[in-house]
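Trainee: The file below is input.pdb, PDB, C-alpha atoms:
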```
MODEL        1
ATOM      1  CA  THR A  16     118.861 220.040  45.921  1.00  0.00           C
ATOM      2  CA  ILE A  17     120.434 217.554  43.519  1.00  0.00           C
ATOM      3  CA  LEU A  18     119.700 218.334  39.892  1.00  0.00           C
ATOM      4  CA  THR A  19     118.280 215.640  37.626  1.00  0.00           C
ATOM      5  CA  ASN A  20     120.995 213.894  35.573  1.00  0.00           C
ATOM      6  CA  SER A  21     123.718 215.196  37.908  1.00  0.00           C
ATOM      7  CA  PRO A  22     126.411 212.860  39.295  1.00  0.00           C
ATOM      8  CA  GLY A  23     124.610 212.984  42.643  1.00  0.00           C
ATOM      9  CA  MET A  24     121.321 211.765  41.241  1.00  0.00           C
ATOM     10  CA  GLU A  25     123.149 209.118  39.219  1.00  0.00           C
ATOM     11  CA  TYR A  26     124.784 207.864  42.413  1.00  0.00           C
ATOM     12  CA  ALA A  27     121.441 207.924  44.261  1.00  0.00           C
ATOM     13  CA  ALA A  28     119.865 205.847  41.496  1.00  0.00           C
ATOM     14  CA  MET A  29     122.753 203.392  41.728  1.00  0.00           C
ATOM     15  CA  ARG A  30     121.822 203.018  45.422  1.00  0.00           C
ATOM     16  CA  HIS A  31     118.159 202.458  44.393  1.00  0.00           C
ATOM     17  CA  LEU A  32     117.048 205.798  45.858  1.00  0.00           C
ATOM     18  CA  GLU A  33     114.268 207.749  44.151  1.00  0.00           C
ATOM     19  CA  PRO A  34     114.436 211.562  43.722  1.00  0.00           C
ATOM     20  CA  GLU A  35     111.655 212.013  46.298  1.00  0.00           C
ATOM     21  CA  THR A  36     113.696 210.087  48.877  1.00  0.00           C
ATOM     22  CA  VAL A  37     116.795 212.160  48.189  1.00  0.00           C
ATOM     23  CA  GLU A  38     114.714 215.310  48.689  1.00  0.00           C
ATOM     24  CA  ALA A  39     113.052 213.983  51.864  1.00  0.00           C
ATOM     25  CA  PHE A  40     116.454 213.471  53.504  1.00  0.00           C
ATOM     26  CA  GLY A  41     117.974 216.679  52.125  1.00  0.00           C
ATOM     27  CA  MET A  42     120.827 214.790  50.482  1.00  0.00           C
ATOM     28  CA  GLY A  43     123.128 216.597  48.081  1.00  0.00           C
ATOM     29  CA  TRP A  44     126.242 216.432  45.945  1.00  0.00           C
ATOM     30  CA  ASN A  45     129.541 218.236  46.512  1.00  0.00           C
ATOM     31  CA  SER A  46     131.235 218.438  43.124  1.00  0.00           C
ATOM     32  CA  ALA A  47     134.689 219.544  44.298  1.00  0.00           C
ATOM     33  CA  ALA A  48     136.715 219.022  47.466  1.00  0.00           C
ATOM     34  CA  SER A  49     137.581 222.067  49.541  1.00  0.00           C
ATOM     35  CA  LEU A  50     139.362 223.131  52.725  1.00  0.00           C
ATOM     36  CA  GLU A  51     137.467 225.735  54.734  1.00  0.00           C
ATOM     37  CA  ASP A  52     138.231 227.833  57.799  1.00  0.00           C
ATOM     38  CA  ARG A  53     137.047 226.249  61.028  1.00  0.00           C
ATOM     39  CA  GLN A  54     135.503 229.538  62.156  1.00  0.00           C
ATOM     40  CA  PHE A  55     133.144 229.408  59.149  1.00  0.00           C
ATOM     41  CA  TRP A  56     131.767 226.168  60.636  1.00  0.00           C
ATOM     42  CA  GLY A  57     131.507 227.646  64.143  1.00  0.00           C
ATOM     43  CA  LEU A  58     134.549 225.730  65.380  1.00  0.00           C
ATOM     44  CA  PRO A  59     137.422 227.115  67.469  1.00  0.00           C
ATOM     45  CA  PRO A  60     140.752 227.548  65.683  1.00  0.00           C
ATOM     46  CA  GLU A  61     143.297 224.735  65.941  1.00  0.00           C
ATOM     47  CA  ILE A  62     146.893 224.357  64.863  1.00  0.00           C
ATOM     48  CA  ASN A  63     147.983 221.267  62.979  1.00  0.00           C
ATOM     49  CA  PRO A  64     150.994 220.020  65.001  1.00  0.00           C
ATOM     50  CA  GLU A  65     152.522 218.402  61.912  1.00  0.00           C
ATOM     51  CA  THR A  66     152.538 221.559  59.776  1.00  0.00           C
ATOM     52  CA  GLY A  67     152.262 224.355  62.334  1.00  0.00           C
ATOM     53  CA  LYS A  68     149.478 225.860  60.224  1.00  0.00           C
ATOM     54  CA  PRO A  69     145.811 226.435  61.114  1.00  0.00           C
ATOM     55  CA  ARG A  70     143.785 223.240  60.776  1.00  0.00           C
ATOM     56  CA  LYS A  71     141.056 223.346  58.130  1.00  0.00           C
ATOM     57  CA  VAL A  72     137.700 221.593  57.676  1.00  0.00           C
ATOM     58  CA  TRP A  73     137.955 219.111  54.816  1.00  0.00           C
ATOM     59  CA  LEU A  74     134.886 218.760  52.614  1.00  0.00           C
ATOM     60  CA  PRO A  75     135.510 215.919  50.160  1.00  0.00           C
ATOM     61  CA  ALA A  76     133.761 215.688  46.833  1.00  0.00           C
ATOM     62  CA  GLY A  77     130.914 213.205  46.908  1.00  0.00           C
ATOM     63  CA  PHE A  78     127.391 212.388  48.022  1.00  0.00           C
ATOM     64  CA  VAL A  79     126.369 214.490  51.027  1.00  0.00           C
ATOM     65  CA  ILE A  80     124.230 212.947  53.763  1.00  0.00           C
ATOM     66  CA  PRO A  81     122.898 215.355  56.432  1.00  0.00           C
ATOM     67  CA  ILE A  82     121.869 213.926  59.801  1.00  0.00           C
ATOM     68  CA  LYS A  83     119.084 215.945  61.383  1.00  0.00           C
ATOM     69  CA  CYS A  84     117.118 216.486  64.560  1.00  0.00           C
ATOM     70  CA  MET A  85     114.305 218.926  65.244  1.00  0.00           C
ATOM     71  CA  ALA A  86     116.959 221.543  66.017  1.00  0.00           C
ATOM     72  CA  GLY A  87     118.368 221.223  62.503  1.00  0.00           C
ATOM     73  CA  ILE A  88     121.342 219.542  60.893  1.00  0.00           C
ATOM     74  CA  MET A  89     123.549 218.000  63.593  1.00  0.00           C
ATOM     75  CA  ALA A  90     126.039 216.154  61.398  1.00  0.00           C
ATOM     76  CA  VAL A  91     127.190 215.926  57.793  1.00  0.00           C
ATOM     77  CA  LYS A  92     128.672 212.810  56.245  1.00  0.00           C
ATOM     78  CA  VAL A  93     130.121 212.550  52.721  1.00  0.00           C
ATOM     79  CA  ARG A  94     130.370 209.348  50.720  1.00  0.00           C
ATOM     80  CA  ARG A  95     133.554 210.228  48.869  1.00  0.00           C
ATOM     81  CA  ASP A  96     133.486 210.327  45.094  1.00  0.00           C
ATOM     82  CA  GLY A  97     136.125 208.119  43.528  1.00  0.00           C
ATOM     83  CA  TRP A  98     136.911 206.159  46.690  1.00  0.00           C
ATOM     84  CA  LYS A  99     138.628 202.828  46.017  1.00  0.00           C
ATOM     85  CA  SER A 100     139.745 199.961  48.218  1.00  0.00           C
ATOM     86  CA  GLY A 101     143.151 200.744  49.699  1.00  0.00           C
ATOM     87  CA  ASP A 102     142.514 204.499  49.810  1.00  0.00           C
ATOM     88  CA  ARG A 103     144.363 206.080  52.736  1.00  0.00           C
ATOM     89  CA  PHE A 104     141.245 208.057  53.605  1.00  0.00           C
ATOM     90  CA  PRO A 105     137.892 206.490  54.580  1.00  0.00           C
ATOM     91  CA  LYS A 106     134.996 205.883  52.198  1.00  0.00           C
ATOM     92  CA  TYR A 107     132.714 207.991  54.419  1.00  0.00           C
ATOM     93  CA  LYS A 108     133.935 211.238  55.946  1.00  0.00           C
ATOM     94  CA  LEU A 109     132.115 212.706  58.949  1.00  0.00           C
ATOM     95  CA  VAL A 110     132.734 216.441  58.630  1.00  0.00           C
ATOM     96  CA  ASP A 111     134.519 218.085  61.558  1.00  0.00           C
ATOM     97  CA  GLY A 112     132.130 219.563  64.115  1.00  0.00           C
ATOM     98  CA  SER A 113     129.436 216.965  63.491  1.00  0.00           C
ATOM     99  CA  VAL A 114     127.548 215.659  66.536  1.00  0.00           C
ATOM    100  CA  PRO A 115     127.605 211.824  66.503  1.00  0.00           C
ATOM    101  CA  ILE A 116     123.882 211.075  66.593  1.00  0.00           C
ATOM    102  CA  PRO A 117     122.121 208.257  64.729  1.00  0.00           C
ATOM    103  CA  PHE A 118     120.601 208.790  61.311  1.00  0.00           C
ATOM    104  CA  ALA A 119     116.929 208.011  61.957  1.00  0.00           C
ATOM    105  CA  LYS A 120     113.547 208.528  60.375  1.00  0.00           C
ATOM    106  CA  GLY A 121     110.142 207.023  61.001  1.00  0.00           C
ATOM    107  CA  LYS A 122     107.101 206.924  63.227  1.00  0.00           C
ATOM    108  CA  PRO A 123     106.806 206.100  66.942  1.00  0.00           C
ATOM    109  CA  GLY A 124     105.055 202.830  67.702  1.00  0.00           C
ATOM    110  CA  LEU A 125     106.698 200.941  64.866  1.00  0.00           C
ATOM    111  CA  PRO A 126     109.490 198.357  65.187  1.00  0.00           C
ATOM    112  CA  VAL A 127     112.966 199.800  64.622  1.00  0.00           C
ATOM    113  CA  LEU A 128     115.251 198.376  61.946  1.00  0.00           C
ATOM    114  CA  ILE A 129     118.924 198.990  62.720  1.00  0.00           C
ATOM    115  CA  LEU A 130     121.244 199.218  59.721  1.00  0.00           C
ATOM    116  CA  GLU A 131     124.885 200.148  59.278  1.00  0.00           C
ATOM    117  CA  SER A 132     124.626 202.523  56.315  1.00  0.00           C
ATOM    118  CA  GLU A 133     122.601 205.728  56.148  1.00  0.00           C
ATOM    119  CA  LEU A 134     121.935 205.053  52.462  1.00  0.00           C
ATOM    120  CA  ASP A 135     120.610 201.563  53.219  1.00  0.00           C
ATOM    121  CA  ALA A 136     118.408 203.063  55.947  1.00  0.00           C
ATOM    122  CA  ALA A 137     117.068 205.599  53.455  1.00  0.00           C
ATOM    123  CA  LEU A 138     116.289 202.765  51.024  1.00  0.00           C
ATOM    124  CA  VAL A 139     114.328 200.815  53.641  1.00  0.00           C
ATOM    125  CA  TRP A 140     112.451 203.982  54.622  1.00  0.00           C
ATOM    126  CA  GLN A 141     111.613 204.538  50.960  1.00  0.00           C
ATOM    127  CA  GLU A 142     110.240 201.025  50.526  1.00  0.00           C
ATOM    128  CA  ALA A 143     108.716 200.276  53.944  1.00  0.00           C
ATOM    129  CA  ARG A 144     108.247 203.375  56.072  1.00  0.00           C
ATOM    130  CA  ASP A 145     104.751 202.203  57.021  1.00  0.00           C
ATOM    131  CA  LEU A 146     106.270 199.053  58.545  1.00  0.00           C
ATOM    132  CA  VAL A 147     109.386 200.191  60.425  1.00  0.00           C
ATOM    133  CA  THR A 148     111.349 203.157  61.690  1.00  0.00           C
ATOM    134  CA  VAL A 149     114.931 203.097  60.407  1.00  0.00           C
ATOM    135  CA  MET A 150     118.092 203.920  62.321  1.00  0.00           C
ATOM    136  CA  ALA A 151     121.648 203.784  60.965  1.00  0.00           C
ATOM    137  CA  LEU A 152     124.501 203.088  63.363  1.00  0.00           C
ATOM    138  CA  PRO A 153     127.876 201.983  61.984  1.00  0.00           C
ATOM    139  CA  ALA A 154     129.240 198.815  63.594  1.00  0.00           C
ATOM    140  CA  GLY A 155     130.761 199.629  66.970  1.00  0.00           C
ATOM    141  CA  ASN A 156     128.704 202.804  67.454  1.00  0.00           C
ATOM    142  CA  LYS A 157     126.278 202.882  70.364  1.00  0.00           C
ATOM    143  CA  PRO A 158     122.982 204.809  70.537  1.00  0.00           C
ATOM    144  CA  HIS A 159     123.092 207.967  72.640  1.00  0.00           C
ATOM    145  CA  ALA A 160     120.679 208.371  75.568  1.00  0.00           C
ATOM    146  CA  GLU A 161     117.719 209.770  73.597  1.00  0.00           C
ATOM    147  CA  ALA A 162     118.072 207.140  70.868  1.00  0.00           C
ATOM    148  CA  ALA A 163     118.390 204.354  73.436  1.00  0.00           C
ATOM    149  CA  ALA A 164     115.211 205.510  75.185  1.00  0.00           C
ATOM    150  CA  PHE A 165     113.370 205.571  71.870  1.00  0.00           C
ATOM    151  CA  LEU A 166     114.608 202.066  71.052  1.00  0.00           C
ATOM    152  CA  ARG A 167     113.445 200.701  74.413  1.00  0.00           C
ATOM    153  CA  SER A 168     109.984 202.164  73.816  1.00  0.00           C
ATOM    154  CA  SER A 169     109.636 200.448  70.430  1.00  0.00           C
ATOM    155  CA  PRO A 170     107.744 197.137  70.075  1.00  0.00           C
ATOM    156  CA  PHE A 171     110.973 195.373  69.079  1.00  0.00           C
ATOM    157  CA  ILE A 172     114.258 195.884  67.219  1.00  0.00           C
ATOM    158  CA  LEU A 173     115.381 194.155  64.053  1.00  0.00           C
ATOM    159  CA  PHE A 174     119.180 194.144  63.843  1.00  0.00           C
ATOM    160  CA  ALA A 175     120.424 194.200  60.246  1.00  0.00           C
ATOM    161  CA  LEU A 176     124.013 195.426  60.320  1.00  0.00           C
ATOM    162  CA  ASP A 177     126.377 194.194  57.618  1.00  0.00           C
ATOM    163  CA  PHE A 178     126.919 190.446  57.657  1.00  0.00           C
ATOM    164  CA  ASP A 179     130.659 190.562  58.418  1.00  0.00           C
ATOM    165  CA  VAL A 180     133.013 190.254  61.390  1.00  0.00           C
ATOM    166  CA  ALA A 181     132.273 193.771  62.665  1.00  0.00           C
ATOM    167  CA  GLY A 182     128.523 193.237  62.326  1.00  0.00           C
ATOM    168  CA  ARG A 183     128.596 189.946  64.229  1.00  0.00           C
ATOM    169  CA  LYS A 184     130.689 191.516  66.971  1.00  0.00           C
ATOM    170  CA  ALA A 185     128.276 194.459  67.230  1.00  0.00           C
ATOM    171  CA  TRP A 186     125.349 192.038  67.541  1.00  0.00           C
ATOM    172  CA  GLU A 187     126.751 190.677  70.797  1.00  0.00           C
ATOM    173  CA  TRP A 188     126.484 194.128  72.379  1.00  0.00           C
ATOM    174  CA  TRP A 189     122.934 194.676  71.096  1.00  0.00           C
ATOM    175  CA  ARG A 190     121.858 191.205  72.254  1.00  0.00           C
ATOM    176  CA  GLN A 191     123.115 191.929  75.762  1.00  0.00           C
ATOM    177  CA  ASN A 192     121.707 195.466  76.041  1.00  0.00           C
ATOM    178  CA  PHE A 193     118.355 195.313  74.222  1.00  0.00           C
ATOM    179  CA  SER A 194     116.244 192.294  75.104  1.00  0.00           C
ATOM    180  CA  SER A 195     113.793 192.972  72.254  1.00  0.00           C
ATOM    181  CA  ALA A 196     116.511 192.944  69.576  1.00  0.00           C
ATOM    182  CA  ARG A 197     116.552 190.105  67.064  1.00  0.00           C
ATOM    183  CA  PRO A 198     118.985 189.527  64.176  1.00  0.00           C
ATOM    184  CA  TRP A 199     117.482 189.972  60.723  1.00  0.00           C
ATOM    185  CA  SER A 200     120.144 189.589  58.041  1.00  0.00           C
ATOM    186  CA  VAL A 201     119.365 189.887  54.358  1.00  0.00           C
ATOM    187  CA  PRO A 202     119.123 186.480  52.617  1.00  0.00           C
ATOM    188  CA  GLU A 203     121.661 187.479  49.945  1.00  0.00           C
ATOM    189  CA  GLY A 204     124.602 189.875  50.025  1.00  0.00           C
ATOM    190  CA  LYS A 205     126.206 191.460  53.056  1.00  0.00           C
ATOM    191  CA  ASP A 206     123.756 194.349  53.406  1.00  0.00           C
ATOM    192  CA  VAL A 207     120.516 195.803  52.121  1.00  0.00           C
ATOM    193  CA  GLY A 208     122.246 197.612  49.263  1.00  0.00           C
ATOM    194  CA  GLU A 209     123.819 194.414  47.933  1.00  0.00           C
ATOM    195  CA  PHE A 210     120.532 192.586  48.454  1.00  0.00           C
ATOM    196  CA  ALA A 211     118.785 195.168  46.254  1.00  0.00           C
ATOM    197  CA  ASP A 212     121.595 194.937  43.676  1.00  0.00           C
ATOM    198  CA  LEU A 213     120.933 191.202  43.455  1.00  0.00           C
ATOM    199  CA  GLY A 214     117.253 191.809  42.766  1.00  0.00           C
ATOM    200  CA  GLY A 215     116.061 191.355  46.351  1.00  0.00           C
ATOM    201  CA  HIS A 216     112.681 192.808  47.355  1.00  0.00           C
ATOM    202  CA  VAL A 217     113.467 195.174  50.233  1.00  0.00           C
ATOM    203  CA  ARG A 218     109.845 195.679  51.270  1.00  0.00           C
ATOM    204  CA  ALA A 219     109.085 191.950  51.337  1.00  0.00           C
ATOM    205  CA  TRP A 220     112.227 191.302  53.418  1.00  0.00           C
ATOM    206  CA  THR A 221     111.246 194.061  55.860  1.00  0.00           C
ATOM    207  CA  MET A 222     107.661 192.812  56.123  1.00  0.00           C
ATOM    208  CA  ALA A 223     108.879 189.259  56.772  1.00  0.00           C
ATOM    209  CA  GLY A 224     111.014 190.574  59.635  1.00  0.00           C
ATOM    210  CA  VAL A 225     108.088 192.429  61.197  1.00  0.00           C
ATOM    211  CA  LEU A 226     105.733 189.455  60.898  1.00  0.00           C
ATOM    212  CA  SER A 227     108.356 187.016  62.191  1.00  0.00           C
ATOM    213  CA  ARG A 228     108.240 188.887  65.514  1.00  0.00           C
ATOM    214  CA  GLY A 229     104.466 188.935  65.637  1.00  0.00           C
ATOM    215  CA  GLY A 230     104.271 192.586  64.658  1.00  0.00           C
ATOM    216  CA  SER A 231     101.229 194.218  63.113  1.00  0.00           C
ATOM    217  CA  LEU A 232     101.114 196.321  59.970  1.00  0.00           C
ATOM    218  CA  ALA A 233      99.337 199.263  61.620  1.00  0.00           C
ATOM    219  CA  ILE A 234     100.204 202.739  60.377  1.00  0.00           C
ATOM    220  CA  TYR A 235     100.964 205.525  62.879  1.00  0.00           C
ATOM    221  CA  GLN A 236     100.848 209.252  62.303  1.00  0.00           C
ATOM    222  CA  GLU A 237     103.199 211.024  64.750  1.00  0.00           C
ATOM    223  CA  PRO A 238     106.671 211.974  63.453  1.00  0.00           C
ATOM    224  CA  LEU A 239     109.907 211.005  65.196  1.00  0.00           C
ATOM    225  CA  THR A 240     111.668 213.618  67.334  1.00  0.00           C
ATOM    226  CA  CYS A 241     114.911 213.112  65.397  1.00  0.00           C
ATOM    227  CA  GLN A 242     114.348 212.638  61.681  1.00  0.00           C
TER     228      GLN A 242
ENDMDL
END
```
How does this structure look as C-alpha cells?

Mentor:
Amino acid sequence: TILTNSPGMEYAAMRHLEPETVEAFGMGWNSAASLEDRQFWGLPPEINPETGKPRKVWLPAGFVIPIKCMAGIMAVKVRRDGWKSGDRFPKYKLVDGSVPIPFAKGKPGLPVLILESELDAALVWQEARDLVTVMALPAGNKPHAEAAAFLRSSPFILFALDFDVAGRKAWEWWRQNFSSARPWSVPEGKDVGEFADLGGHVRAWTMAGVLSRGGSLAIYQEPLTCQ
C-alpha cells in the first residue's frame, strides 16, 4: 500500500490516478533500488558471462505496477524513479521472471480499449470502467492466446496506442488481425496521459469512441478472468 503524501502517491497524482485506483490495482512504490538473489524470486541460478558472478534480479526504485491474473501476480513492472531521456536503462523495467501477459481490467461484454501504457489504462478504467474494458500492450507486443480470444469475443476494439511511429506501425498488425478494431487516437497529445495533462476529458473521449462504433452504454456485472 502506498502511504498518503509518499513519493508514490505524488507520482500517481501526477498521472491523474486517485488513491482508490492505486489500491484497486495493487500499485506500490519501491524507495530504493536493490539486487536480489534469483532463487528468492523462484528463478534458477545464472552466471553473468561478463563478470563470471551469479546474475541478480534488479529491482529499480520507482512506481511498481503488478500485472495480475486469477492465479495471482504474473508480472511486475517498475516505472523508474529519476529516469531521463538518454538513460542507458529503459524507463520501464519488467522484473526478471515476469510472465509477459497484458495488463487488463474490466467486464466481459464491453468494448476493449487498447492502450500502450499500464498507467494510461488504469486512468481510463478509473474514469470509464462502465464503458470499456482496458488492456495495455506496448507497441510491438501481441496478445497471447487467452487475451486474443477475449478480444475476439468483445463487441469491438478501440485502438489507442501512442500516436507515434511505433504506434502507427503496430496499428497495421491490429488492422490485419482483428476485423473489429478501429483507431481511436486522443485529439491532443500523443497518449491519454498527455491528453489529461492538457485538460482533456478522458471519460468524454472514451464515450465518444464507444458511441462512434454504435456501442451501447449498458453496464455488465461479471469480472474479467485476468484483472

Trainee: So how far away is atom CA of Gly23 of chain A from atom CA of Lys120 of chain A, in Å?

Mentor: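 Interatomic distance, atom CA of Lys120 of chain A to atom CA of Gly23 of chain A: 21.4 Å.
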
Trainee: Counting only C-alpha atoms, which of A:Ala90, A:Ala76, A:Ala162, A:Ser100 gets nearest to Pro22 of chain A?

Mentor: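 That would be A:Ala76, the residue with the smallest distance to Pro22 of chain A.
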
Trainee: When you look at Ala119 of chain A with a cut-off of 12 Å (counting all atoms listed in the file), what residues show up, excluding the ones that are within fewer than 5 positions of it in the same chain? I need them as a PyMOL selection string.

Mentor: chain A and resi 40+81-85+127-137+139-140+144+147-152+158+161-162+165-166+238-242

Trainee: Take atom CA of Gly43 of chain A and atom CA of Ile80 of chain A and report the distance between them in Å, one decimal.

Mentor: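 Between atom CA of Gly43 of chain A and atom CA of Ile80 of chain A the gap is 6.8 Å.
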
Trainee: Can you work out the spacing between atom CA of Lys205 of chain A and atom CA of Asp145 of chain A in Å, to one decimal?

Mentor: 24.3 Å

Trainee: Selection in question (the file shown): the PyMOL selection byres ((chain A and resi 91) around 12). Which residues does it include, as a ChimeraX atom specification?

Mentor: /A:40-45,56,72-75,77-83,87-90,92-94,107-118,133

Trainee: Which residues match the PyMOL selection byres ((chain A and resi 172-176) around 8) in the file above, as a ChimeraX atom specification?

Mentor: /A:126-131,153-154,166,169-171,177-178,182,186,195-201,206,224

Trainee: Using only C-alpha atoms, can you tell me which of A:Pro105, A:Arg95, A:Gly121, A:Gly155 comes closest to Val180 of chain A?

Mentor: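 Distance minimum relative to Val180 of chain A lands on A:Gly155.
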
Trainee: As a count of residues only, please: the residues near Met222 of chain A (cut-off 9 Å, all atoms listed in the file, same-chain neighbours under 2 positions excluded).

Mentor: 12

Trainee: Take every atom of segment 66-74 of chain A listed in the file, pad by 6 Å on each side, and give me the axis-aligned box centre and edge lengths in Å, one decimal, as JSON.

Mentor:
```
{"center_x": 143.7, "center_y": 222.6, "center_z": 57.5, "size_x": 29.7, "size_y": 19.7, "size_z": 21.7}
```
